[in-house]
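Asks: Below are the structure tokens for one structure; questions will follow.
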Amino acid sequence: MIIEKNKVVLVHYNLTEATENGQPVESTVGGEPLGFIFGQGMMIPEFERNLSGLKTGDRFSFGIKAADAYGDFDPQAVAEVPMQVFMGPDGKVPDGLLQVGRVLPMTDQDGHQMNGMVAKVGENSVMLDFNHPMAGTDLYFTGHVQEVRDATAVELEHGHVHGEGGHHH
């Protein structure tokens, strides 16, 4: 069976930055495979394009430019936020809250939820980076297709894979 729209795809992969020999990012090898329903918009479109037409047992190796993955780094997505935003009712910032690298859930003026990574802590303000953590990074995937099968009606209705590599209800 080949990878095409509405097929459940299970893959094992290694993800590195920029090239096959780049800095390791993540891997499913030795663990549970990544499972998704092909063509449902769950994955980076360029990732799916590179897997399209493969079948069980096929190996893959491909790069995705940052602009086609999580986007280029956007300096406009870095914001200076006043320190008082983080203060509790006692007028103090909770211990350990503002650590560089920590991701904080935030809400904008329109009520939209987003995550900001603490980039810098100043005396009166905090620099938060709202870019995706992989923004500006070229990706390189190597791996193999473990399984391709038809998605069940329930999986299509729920929009995700059940069982191995997917959601467990």
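Order determines the names: the first chain of the structure tokens is A, the second B, and so forth; residues in each chain are numbered 1 upward, and ligands are numbered 1 upward as they are shown.
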For Ala67 in chain A, list every protein, DNA or RNA residue within 9 Å, evaluated using only C-alpha atoms, and leave out those in the same chain fewer than 5 positions away; present the list as JSON, numbers by chain.

Replies: {"A": [72, 73, 135, 136, 137, 138]}

Asks: Using only C-alpha atoms, which residues of range 43-65 of chain A come within 9 Å of range 2-17 of chain A, and what is the closest atom pair for each, with the distance in Å to one decimal? Give it as a tab-separated table, sorted by chain and residue number.

Replies:
residue	atom	partner	partner_atom	distance
A:Leu51	CA	A:Ile3	CA	7.0
A:Ser52	CA	A:Ile3	CA	5.3
A:Gly53	CA	A:Ile3	CA	5.0
A:Leu54	CA	A:Ile3	CA	5.5
A:Lys55	CA	A:Ile2	CA	4.4
A:Thr56	CA	A:Ile2	CA	7.4
A:Phe60	CA	A:Tyr13	CA	8.7

Asks: Report the closest atom pair, with its distance in Å rounded to one decimal, for each residue of range 114-164 of chain A that has an atom no farther than 12 Å from range 26-38 of chain A; count only C-alpha atoms, sort by chain and then rising residue number, and write it as a tab-separated table.

Replies:
residue	atom	partner	partner_atom	distance
A:Met134	CA	A:Glu26	CA	11.8
A:Leu139	CA	A:Glu26	CA	10.9
A:Tyr140	CA	A:Glu26	CA	10.8
A:Phe141	CA	A:Ser27	CA	9.5
A:Thr142	CA	A:Ser27	CA	9.6
A:Gly143	CA	A:Val29	CA	8.6
A:His144	CA	A:Pro33	CA	10.0
A:Val145	CA	A:Pro33	CA	9.3
A:Gln146	CA	A:Pro33	CA	7.8
A:Glu147	CA	A:Gly35	CA	9.2
A:Val148	CA	A:Gly35	CA	9.7
A:Arg149	CA	A:Ile37	CA	9.6
A:Asp150	CA	A:Ile37	CA	9.1
A:Ala151	CA	A:Ile37	CA	7.0
A:Thr152	CA	A:Ile37	CA	10.1
A:Ala153	CA	A:Ile37	CA	11.7
A:Val154	CA	A:Ile37	CA	11.8
A:Glu155	CA	A:Ile37	CA	8.2
A:Leu156	CA	A:Ile37	CA	7.8
A:Glu157	CA	A:Ile37	CA	11.1
A:His158	CA	A:Ile37	CA	10.5
A:Gly159	CA	A:Ile37	CA	7.4
A:His160	CA	A:Ile37	CA	6.3
A:Val161	CA	A:Phe36	CA	5.7
A:His162	CA	A:Gly35	CA	8.7
A:Gly163	CA	A:Gly35	CA	9.0
A:Glu164	CA	A:Glu32	CA	7.0

Asks: Would you save the residues of that selection, restricted to N, CA, C and O atoms, as a JSON list (two decimals), in the first residue's frame?

Replies:
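Heads up, here's the output in part_26.json:
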[["chain", "number", "residue", "atom", "x", "y", "z"],
["A", 134, "MET", "N", 11.79, 25.99, 16.40],
["A", 134, "MET", "CA", 12.58, 25.55, 15.24],
["A", 134, "MET", "C", 12.56, 26.58, 14.09],
["A", 134, "MET", "O", 13.05, 26.29, 13.01],
["A", 139, "LEU", "N", 15.66, 21.66, 8.24],
["A", 139, "LEU", "CA", 15.48, 20.33, 8.82],
["A", 139, "LEU", "C", 15.99, 19.26, 7.85],
["A", 139, "LEU", "O", 15.91, 19.43, 6.63],
["A", 140, "TYR", "N", 16.45, 18.14, 8.42],
["A", 140, "TYR", "CA", 16.86, 17.00, 7.58],
["A", 140, "TYR", "C", 16.35, 15.72, 8.23],
["A", 140, "TYR", "O", 16.66, 15.44, 9.39],
["A", 141, "PHE", "N", 15.55, 14.97, 7.48],
["A", 141, "PHE", "CA", 14.94, 13.73, 7.97],
["A", 141, "PHE", "C", 15.56, 12.53, 7.27],
["A", 141, "PHE", "O", 15.72, 12.54, 6.05],
["A", 142, "THR", "N", 15.86, 11.50, 8.04],
["A", 142, "THR", "CA", 16.21, 10.19, 7.50],
["A", 142, "THR", "C", 15.37, 9.17, 8.24],
["A", 142, "THR", "O", 15.05, 9.36, 9.42],
["A", 143, "GLY", "N", 15.00, 8.09, 7.59],
["A", 143, "GLY", "CA", 14.21, 7.08, 8.28],
["A", 143, "GLY", "C", 13.60, 6.08, 7.33],
["A", 143, "GLY", "O", 14.04, 5.93, 6.18],
["A", 144, "HIS", "N", 12.56, 5.41, 7.84],
["A", 144, "HIS", "CA", 11.88, 4.42, 7.01],
["A", 144, "HIS", "C", 10.39, 4.38, 7.34],
["A", 144, "HIS", "O", 9.97, 4.77, 8.44],
["A", 145, "VAL", "N", 9.62, 3.91, 6.38],
["A", 145, "VAL", "CA", 8.18, 3.75, 6.54],
["A", 145, "VAL", "C", 7.94, 2.40, 7.20],
["A", 145, "VAL", "O", 8.27, 1.36, 6.62],
["A", 146, "GLN", "N", 7.38, 2.40, 8.39],
["A", 146, "GLN", "CA", 7.10, 1.15, 9.10],
["A", 146, "GLN", "C", 5.82, 0.51, 8.59],
["A", 146, "GLN", "O", 5.74, -0.70, 8.43],
["A", 147, "GLU", "N", 4.80, 1.34, 8.35],
["A", 147, "GLU", "CA", 3.50, 0.78, 7.95],
["A", 147, "GLU", "C", 2.68, 1.84, 7.24],
["A", 147, "GLU", "O", 2.75, 3.02, 7.55],
["A", 148, "VAL", "N", 1.88, 1.39, 6.28],
["A", 148, "VAL", "CA", 0.87, 2.22, 5.61],
["A", 148, "VAL", "C", -0.40, 1.39, 5.59],
["A", 148, "VAL", "O", -0.38, 0.23, 5.20],
["A", 149, "ARG", "N", -1.50, 1.98, 6.07],
["A", 149, "ARG", "CA", -2.78, 1.27, 6.07],
["A", 149, "ARG", "C", -3.91, 2.27, 5.88],
["A", 149, "ARG", "O", -3.72, 3.48, 5.98],
["A", 150, "ASP", "N", -5.09, 1.73, 5.57],
["A", 150, "ASP", "CA", -6.27, 2.58, 5.48],
["A", 150, "ASP", "C", -6.62, 3.12, 6.86],
["A", 150, "ASP", "O", -6.53, 2.39, 7.85],
["A", 151, "ALA", "N", -7.02, 4.38, 6.92],
["A", 151, "ALA", "CA", -7.51, 4.94, 8.17],
["A", 151, "ALA", "C", -8.92, 4.42, 8.40],
["A", 151, "ALA", "O", -9.69, 4.23, 7.45],
["A", 152, "THR", "N", -9.26, 4.15, 9.65],
["A", 152, "THR", "CA", -10.62, 3.72, 9.97],
["A", 152, "THR", "C", -11.55, 4.93, 9.93],
["A", 152, "THR", "O", -11.10, 6.08, 9.99],
["A", 153, "ALA", "N", -12.84, 4.66, 9.85],
["A", 153, "ALA", "CA", -13.83, 5.74, 9.86],
["A", 153, "ALA", "C", -13.71, 6.56, 11.14],
["A", 153, "ALA", "O", -13.82, 7.80, 11.11],
["A", 154, "VAL", "N", -13.44, 5.91, 12.26],
["A", 154, "VAL", "CA", -13.31, 6.61, 13.54],
["A", 154, "VAL", "C", -12.06, 7.51, 13.54],
["A", 154, "VAL", "O", -12.10, 8.64, 14.00],
["A", 155, "GLU", "N", -10.95, 6.99, 13.00],
["A", 155, "GLU", "CA", -9.74, 7.81, 12.92],
["A", 155, "GLU", "C", -9.97, 9.04, 12.05],
["A", 155, "GLU", "O", -9.56, 10.16, 12.41],
["A", 156, "LEU", "N", -10.64, 8.86, 10.91],
["A", 156, "LEU", "CA", -10.92, 10.00, 10.04],
["A", 156, "LEU", "C", -11.85, 11.00, 10.73],
["A", 156, "LEU", "O", -11.66, 12.21, 10.63],
["A", 157, "GLU", "N", -12.85, 10.49, 11.46],
["A", 157, "GLU", "CA", -13.77, 11.37, 12.19],
["A", 157, "GLU", "C", -13.04, 12.15, 13.28],
["A", 157, "GLU", "O", -13.26, 13.34, 13.46],
["A", 158, "HIS", "N", -12.16, 11.47, 14.02],
["A", 158, "HIS", "CA", -11.42, 12.11, 15.11],
["A", 158, "HIS", "C", -10.25, 12.95, 14.60],
["A", 158, "HIS", "O", -9.75, 13.81, 15.32],
["A", 159, "GLY", "N", -9.76, 12.64, 13.40],
["A", 159, "GLY", "CA", -8.66, 13.40, 12.82],
["A", 159, "GLY", "C", -7.28, 12.99, 13.30],
["A", 159, "GLY", "O", -6.31, 13.72, 13.13],
["A", 160, "HIS", "N", -7.18, 11.80, 13.92],
["A", 160, "HIS", "CA", -5.88, 11.32, 14.37],
["A", 160, "HIS", "C", -5.85, 9.80, 14.39],
["A", 160, "HIS", "O", -6.88, 9.15, 14.38],
["A", 161, "VAL", "N", -4.62, 9.27, 14.45],
["A", 161, "VAL", "CA", -4.39, 7.83, 14.46],
["A", 161, "VAL", "C", -4.67, 7.27, 15.85],
["A", 161, "VAL", "O", -4.32, 7.88, 16.85],
["A", 162, "HIS", "N", -5.30, 6.11, 15.90],
["A", 162, "HIS", "CA", -5.49, 5.38, 17.16],
["A", 162, "HIS", "C", -4.52, 4.22, 17.20],
["A", 162, "HIS", "O", -4.15, 3.67, 16.17],
["A", 163, "GLY", "N", -4.08, 3.84, 18.39],
["A", 163, "GLY", "CA", -3.18, 2.70, 18.53],
["A", 163, "GLY", "C", -1.73, 3.11, 18.38],
["A", 163, "GLY", "O", -1.37, 4.25, 18.65],
["A", 164, "GLU", "N", -0.89, 2.17, 17.93],
["A", 164, "GLU", "CA", 0.54, 2.42, 17.82],
["A", 164, "GLU", "C", 0.84, 3.67, 16.98],
["A", 164, "GLU", "O", 0.29, 3.85, 15.93]]

Asks: Any idea what's packed within 7 Å of range 117-120 of chain A, counting only C-alpha atoms, ignoring anything in its chain fewer than 2 positions away? Could you give it as a PyMOL selection string?

Replies: chain A and resi 98-104+115+122+126-130

Asks: Would you give me, as a VMD selection string, the residues in range 10-133 of chain A that DSSP reads as strand (DSSP E)?

Replies: chain A and resid 10 to 17 24 to 27 34 to 37 59 to 64 78 to 82 103 to 107 113 to 121 125 to 129

Asks: Okay, now the selection with N, CA and C atoms, as a compact mmCIF listing (two decimals), in the first residue's frame?

Replies:
# COMPACT_ATOMS: atom_id res chain seq x y z
N LEU A 10 2.91 5.21 9.51
CA LEU A 10 3.78 5.08 10.67
C LEU A 10 5.21 5.13 10.17
N VAL A 11 6.01 6.08 10.69
CA VAL A 11 7.39 6.21 10.27
C VAL A 11 8.30 6.30 11.49
N HIS A 12 9.50 5.79 11.31
CA HIS A 12 10.59 6.02 12.26
C HIS A 12 11.55 6.97 11.56
N TYR A 13 12.04 7.94 12.30
CA TYR A 13 12.93 8.92 11.68
C TYR A 13 13.94 9.47 12.67
N ASN A 14 14.99 10.02 12.10
CA ASN A 14 15.95 10.86 12.81
C ASN A 14 15.83 12.25 12.19
N LEU A 15 15.74 13.26 13.03
CA LEU A 15 15.68 14.64 12.57
C LEU A 15 16.93 15.36 13.05
N THR A 16 17.63 15.97 12.09
CA THR A 16 18.82 16.75 12.41
C THR A 16 18.68 18.13 11.78
N GLU A 17 19.52 19.06 12.25
CA GLU A 17 19.51 20.40 11.68
C GLU A 17 20.32 20.42 10.38
N PRO A 24 21.67 16.76 16.12
CA PRO A 24 20.45 15.98 16.32
C PRO A 24 19.36 16.81 17.01
N VAL A 25 18.12 16.62 16.55
CA VAL A 25 16.98 17.32 17.14
C VAL A 25 16.09 16.33 17.87
N GLU A 26 15.66 15.28 17.17
CA GLU A 26 14.84 14.25 17.79
C GLU A 26 14.86 12.99 16.96
N SER A 27 14.42 11.89 17.59
CA SER A 27 14.43 10.60 16.91
C SER A 27 13.33 9.72 17.49
N LEU A 34 6.21 7.65 14.69
CA LEU A 34 5.31 8.77 14.46
C LEU A 34 4.17 8.24 13.61
N GLY A 35 2.94 8.46 14.05
CA GLY A 35 1.77 8.04 13.29
C GLY A 35 0.89 9.23 12.96
N PHE A 36 0.44 9.30 11.72
CA PHE A 36 -0.44 10.40 11.31
C PHE A 36 -1.28 9.97 10.12
N ILE A 37 -2.36 10.70 9.90
CA ILE A 37 -3.22 10.46 8.74
C ILE A 37 -2.73 11.39 7.63
N ARG A 59 12.81 3.51 2.52
CA ARG A 59 13.66 4.42 3.29
C ARG A 59 13.54 5.82 2.69
N PHE A 60 13.77 6.83 3.51
CA PHE A 60 13.72 8.20 3.02
C PHE A 60 14.84 9.03 3.63
N SER A 61 15.19 10.07 2.90
CA SER A 61 16.23 10.99 3.32
C SER A 61 15.97 12.29 2.55
N PHE A 62 15.65 13.38 3.26
CA PHE A 62 15.35 14.63 2.58
C PHE A 62 15.49 15.81 3.54
N GLY A 63 15.75 16.96 2.94
CA GLY A 63 15.84 18.20 3.70
C GLY A 63 14.65 19.08 3.44
N ILE A 64 14.34 19.93 4.42
CA ILE A 64 13.28 20.92 4.28
C ILE A 64 13.86 22.26 4.73
N VAL A 78 9.58 38.85 18.59
CA VAL A 78 10.27 39.00 19.87
C VAL A 78 9.75 40.29 20.49
N ALA A 79 9.23 40.19 21.70
CA ALA A 79 8.59 41.35 22.33
C ALA A 79 9.14 41.62 23.72
N GLU A 80 9.24 42.88 24.04
CA GLU A 80 9.63 43.30 25.38
C GLU A 80 8.35 43.47 26.20
N VAL A 81 8.26 42.74 27.31
CA VAL A 81 7.06 42.74 28.14
C VAL A 81 7.42 43.32 29.51
N PRO A 82 6.61 44.27 30.01
CA PRO A 82 6.91 44.86 31.32
C PRO A 82 6.94 43.81 32.44
N VAL A 103 9.54 28.30 28.59
CA VAL A 103 8.41 28.67 27.74
C VAL A 103 7.21 28.98 28.64
N LEU A 104 6.64 30.16 28.41
CA LEU A 104 5.51 30.63 29.22
C LEU A 104 4.26 30.75 28.36
N PRO A 105 3.13 30.23 28.84
CA PRO A 105 1.87 30.45 28.12
C PRO A 105 1.42 31.89 28.33
N MET A 106 1.09 32.55 27.24
CA MET A 106 0.68 33.96 27.31
C MET A 106 -0.62 34.13 26.53
N THR A 107 -1.30 35.25 26.77
CA THR A 107 -2.51 35.62 26.06
C THR A 107 -2.34 37.03 25.53
N GLN A 113 -4.15 32.53 22.64
CA GLN A 113 -3.12 31.84 23.42
C GLN A 113 -1.87 31.65 22.56
N MET A 114 -0.70 31.86 23.15
CA MET A 114 0.56 31.61 22.46
C MET A 114 1.63 31.35 23.50
N ASN A 115 2.72 30.77 23.05
CA ASN A 115 3.83 30.47 23.94
C ASN A 115 4.99 31.39 23.64
N GLY A 116 5.56 31.94 24.69
CA GLY A 116 6.73 32.80 24.54
C GLY A 116 7.89 32.22 25.33
N MET A 117 9.06 32.15 24.71
CA MET A 117 10.24 31.66 25.41
C MET A 117 10.97 32.86 26.01
N VAL A 118 11.34 32.75 27.26
CA VAL A 118 12.08 33.82 27.92
C VAL A 118 13.46 33.89 27.27
N ALA A 119 13.74 35.00 26.59
CA ALA A 119 15.01 35.18 25.90
C ALA A 119 15.99 35.98 26.74
N LYS A 120 15.48 36.94 27.52
CA LYS A 120 16.34 37.80 28.33
C LYS A 120 15.49 38.39 29.45
N VAL A 121 16.07 38.46 30.64
CA VAL A 121 15.38 39.05 31.78
C VAL A 121 16.13 40.31 32.18
N SER A 125 11.90 44.66 32.55
CA SER A 125 11.17 44.00 31.47
C SER A 125 11.77 42.65 31.14
N VAL A 126 11.01 41.89 30.36
CA VAL A 126 11.42 40.56 29.92
C VAL A 126 11.26 40.49 28.41
N MET A 127 12.29 39.96 27.71
CA MET A 127 12.19 39.74 26.27
C MET A 127 11.65 38.33 26.05
N LEU A 128 10.50 38.24 25.37
CA LEU A 128 9.88 36.95 25.05
C LEU A 128 9.96 36.72 23.55
N ASP A 129 10.34 35.51 23.17
CA ASP A 129 10.44 35.12 21.77
C ASP A 129 9.24 34.22 21.45

Asks: What is the CA of Pro75 in chain A-CA of Pro133 in chain A distance in Å, reported with one decimal?

Replies: 13.1 Å

Asks: What gap, in Å, lies between CA of Ala66 in chain A and CA of Glu20 in chain A?

Replies: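 The value is 15.2 Å.
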
Asks: Using DSSP secondary structure from the backbone, list all helix (DSSP H, G or I) positions within chain A, as a list in words.

Replies: Pro45, Glu46, Phe47, Glu48, Arg49, Asn50, Leu51, Ala66, Ala67, Asp68, Pro75, Gln76, Ala77, Met83, Gln84, Val85, Phe86, Ala153, Val154, Glu155, Leu156, Glu157 and His158 of chain A

Asks: Go ahead and save the picked residues with N, CA and C atoms, as a PDB file, in the first residue's frame.

Replies:
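The resulting file, out-v1.pdb, is reproduced below:
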ATOM      1  N   PRO A  45       3.583  20.439   5.371  1.00  0.00           N
ATOM      2  CA  PRO A  45       3.257  20.014   3.997  1.00  0.00           C
ATOM      3  C   PRO A  45       4.452  19.463   3.225  1.00  0.00           C
ATOM      4  N   GLU A  46       5.618  20.050   3.381  1.00  0.00           N
ATOM      5  CA  GLU A  46       6.804  19.587   2.655  1.00  0.00           C
ATOM      6  C   GLU A  46       7.239  18.200   3.147  1.00  0.00           C
ATOM      7  N   PHE A  47       7.000  17.892   4.432  1.00  0.00           N
ATOM      8  CA  PHE A  47       7.293  16.565   4.977  1.00  0.00           C
ATOM      9  C   PHE A  47       6.416  15.541   4.260  1.00  0.00           C
ATOM     10  N   GLU A  48       5.113  15.832   4.169  1.00  0.00           N
ATOM     11  CA  GLU A  48       4.194  14.922   3.485  1.00  0.00           C
ATOM     12  C   GLU A  48       4.542  14.782   2.000  1.00  0.00           C
ATOM     13  N   ARG A  49       4.896  15.898   1.353  1.00  0.00           N
ATOM     14  CA  ARG A  49       5.231  15.838  -0.067  1.00  0.00           C
ATOM     15  C   ARG A  49       6.388  14.864  -0.310  1.00  0.00           C
ATOM     16  N   ASN A  50       7.359  14.858   0.590  1.00  0.00           N
ATOM     17  CA  ASN A  50       8.517  13.973   0.444  1.00  0.00           C
ATOM     18  C   ASN A  50       8.194  12.509   0.731  1.00  0.00           C
ATOM     19  N   LEU A  51       7.128  12.238   1.477  1.00  0.00           N
ATOM     20  CA  LEU A  51       6.727  10.861   1.772  1.00  0.00           C
ATOM     21  C   LEU A  51       5.700  10.317   0.778  1.00  0.00           C
ATOM     22  N   ALA A  66      13.993  26.028   6.123  1.00  0.00           N
ATOM     23  CA  ALA A  66      13.279  26.652   7.246  1.00  0.00           C
ATOM     24  C   ALA A  66      11.972  27.310   6.805  1.00  0.00           C
ATOM     25  N   ALA A  67      12.013  28.028   5.693  1.00  0.00           N
ATOM     26  CA  ALA A  67      10.818  28.727   5.210  1.00  0.00           C
ATOM     27  C   ALA A  67       9.671  27.766   4.906  1.00  0.00           C
ATOM     28  N   ASP A  68       9.992  26.508   4.556  1.00  0.00           N
ATOM     29  CA  ASP A  68       8.974  25.500   4.252  1.00  0.00           C
ATOM     30  C   ASP A  68       8.682  24.585   5.437  1.00  0.00           C
ATOM     31  N   PRO A  75      12.089  38.588  13.656  1.00  0.00           N
ATOM     32  CA  PRO A  75      12.455  39.462  14.774  1.00  0.00           C
ATOM     33  C   PRO A  75      11.255  40.220  15.349  1.00  0.00           C
ATOM     34  N   GLN A  76      10.197  40.373  14.555  1.00  0.00           N
ATOM     35  CA  GLN A  76       8.988  41.057  15.039  1.00  0.00           C
ATOM     36  C   GLN A  76       8.214  40.196  16.045  1.00  0.00           C
ATOM     37  N   ALA A  77       8.560  38.899  16.115  1.00  0.00           N
ATOM     38  CA  ALA A  77       7.897  37.999  17.061  1.00  0.00           C
ATOM     39  C   ALA A  77       8.621  37.971  18.410  1.00  0.00           C
ATOM     40  N   MET A  83       7.851  43.967  33.367  1.00  0.00           N
ATOM     41  CA  MET A  83       8.026  43.031  34.477  1.00  0.00           C
ATOM     42  C   MET A  83       6.730  42.849  35.275  1.00  0.00           C
ATOM     43  N   GLN A  84       5.934  43.911  35.427  1.00  0.00           N
ATOM     44  CA  GLN A  84       4.724  43.813  36.258  1.00  0.00           C
ATOM     45  C   GLN A  84       3.717  42.787  35.733  1.00  0.00           C
ATOM     46  N   VAL A  85       3.808  42.445  34.443  1.00  0.00           N
ATOM     47  CA  VAL A  85       2.917  41.418  33.882  1.00  0.00           C
ATOM     48  C   VAL A  85       3.116  40.081  34.600  1.00  0.00           C
ATOM     49  N   PHE A  86       4.318  39.845  35.093  1.00  0.00           N
ATOM     50  CA  PHE A  86       4.656  38.558  35.702  1.00  0.00           C
ATOM     51  C   PHE A  86       4.530  38.556  37.222  1.00  0.00           C
ATOM     52  N   ALA A 153     -12.842   4.659   9.855  1.00  0.00           N
ATOM     53  CA  ALA A 153     -13.831   5.736   9.863  1.00  0.00           C
ATOM     54  C   ALA A 153     -13.710   6.565  11.142  1.00  0.00           C
ATOM     55  N   VAL A 154     -13.443   5.908  12.262  1.00  0.00           N
ATOM     56  CA  VAL A 154     -13.309   6.613  13.545  1.00  0.00           C
ATOM     57  C   VAL A 154     -12.060   7.506  13.536  1.00  0.00           C
ATOM     58  N   GLU A 155     -10.952   6.995  13.000  1.00  0.00           N
ATOM     59  CA  GLU A 155      -9.737   7.805  12.918  1.00  0.00           C
ATOM     60  C   GLU A 155      -9.969   9.043  12.045  1.00  0.00           C
ATOM     61  N   LEU A 156     -10.644   8.865  10.914  1.00  0.00           N
ATOM     62  CA  LEU A 156     -10.925  10.001  10.040  1.00  0.00           C
ATOM     63  C   LEU A 156     -11.851  10.997  10.732  1.00  0.00           C
ATOM     64  N   GLU A 157     -12.847  10.491  11.461  1.00  0.00           N
ATOM     65  CA  GLU A 157     -13.769  11.369  12.190  1.00  0.00           C
ATOM     66  C   GLU A 157     -13.042  12.148  13.278  1.00  0.00           C
ATOM     67  N   HIS A 158     -12.162  11.472  14.017  1.00  0.00           N
ATOM     68  CA  HIS A 158     -11.421  12.111  15.107  1.00  0.00           C
ATOM     69  C   HIS A 158     -10.246  12.946  14.603  1.00  0.00           C
TER      70      HIS A 158
END

Asks: Between CA of Ile44 in chain A and CA of His132 in chain A, what is the distance, to one decimal in Å?

Replies: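 CA of His132 in chain A lies 13.2 Å from CA of Ile44 in chain A.
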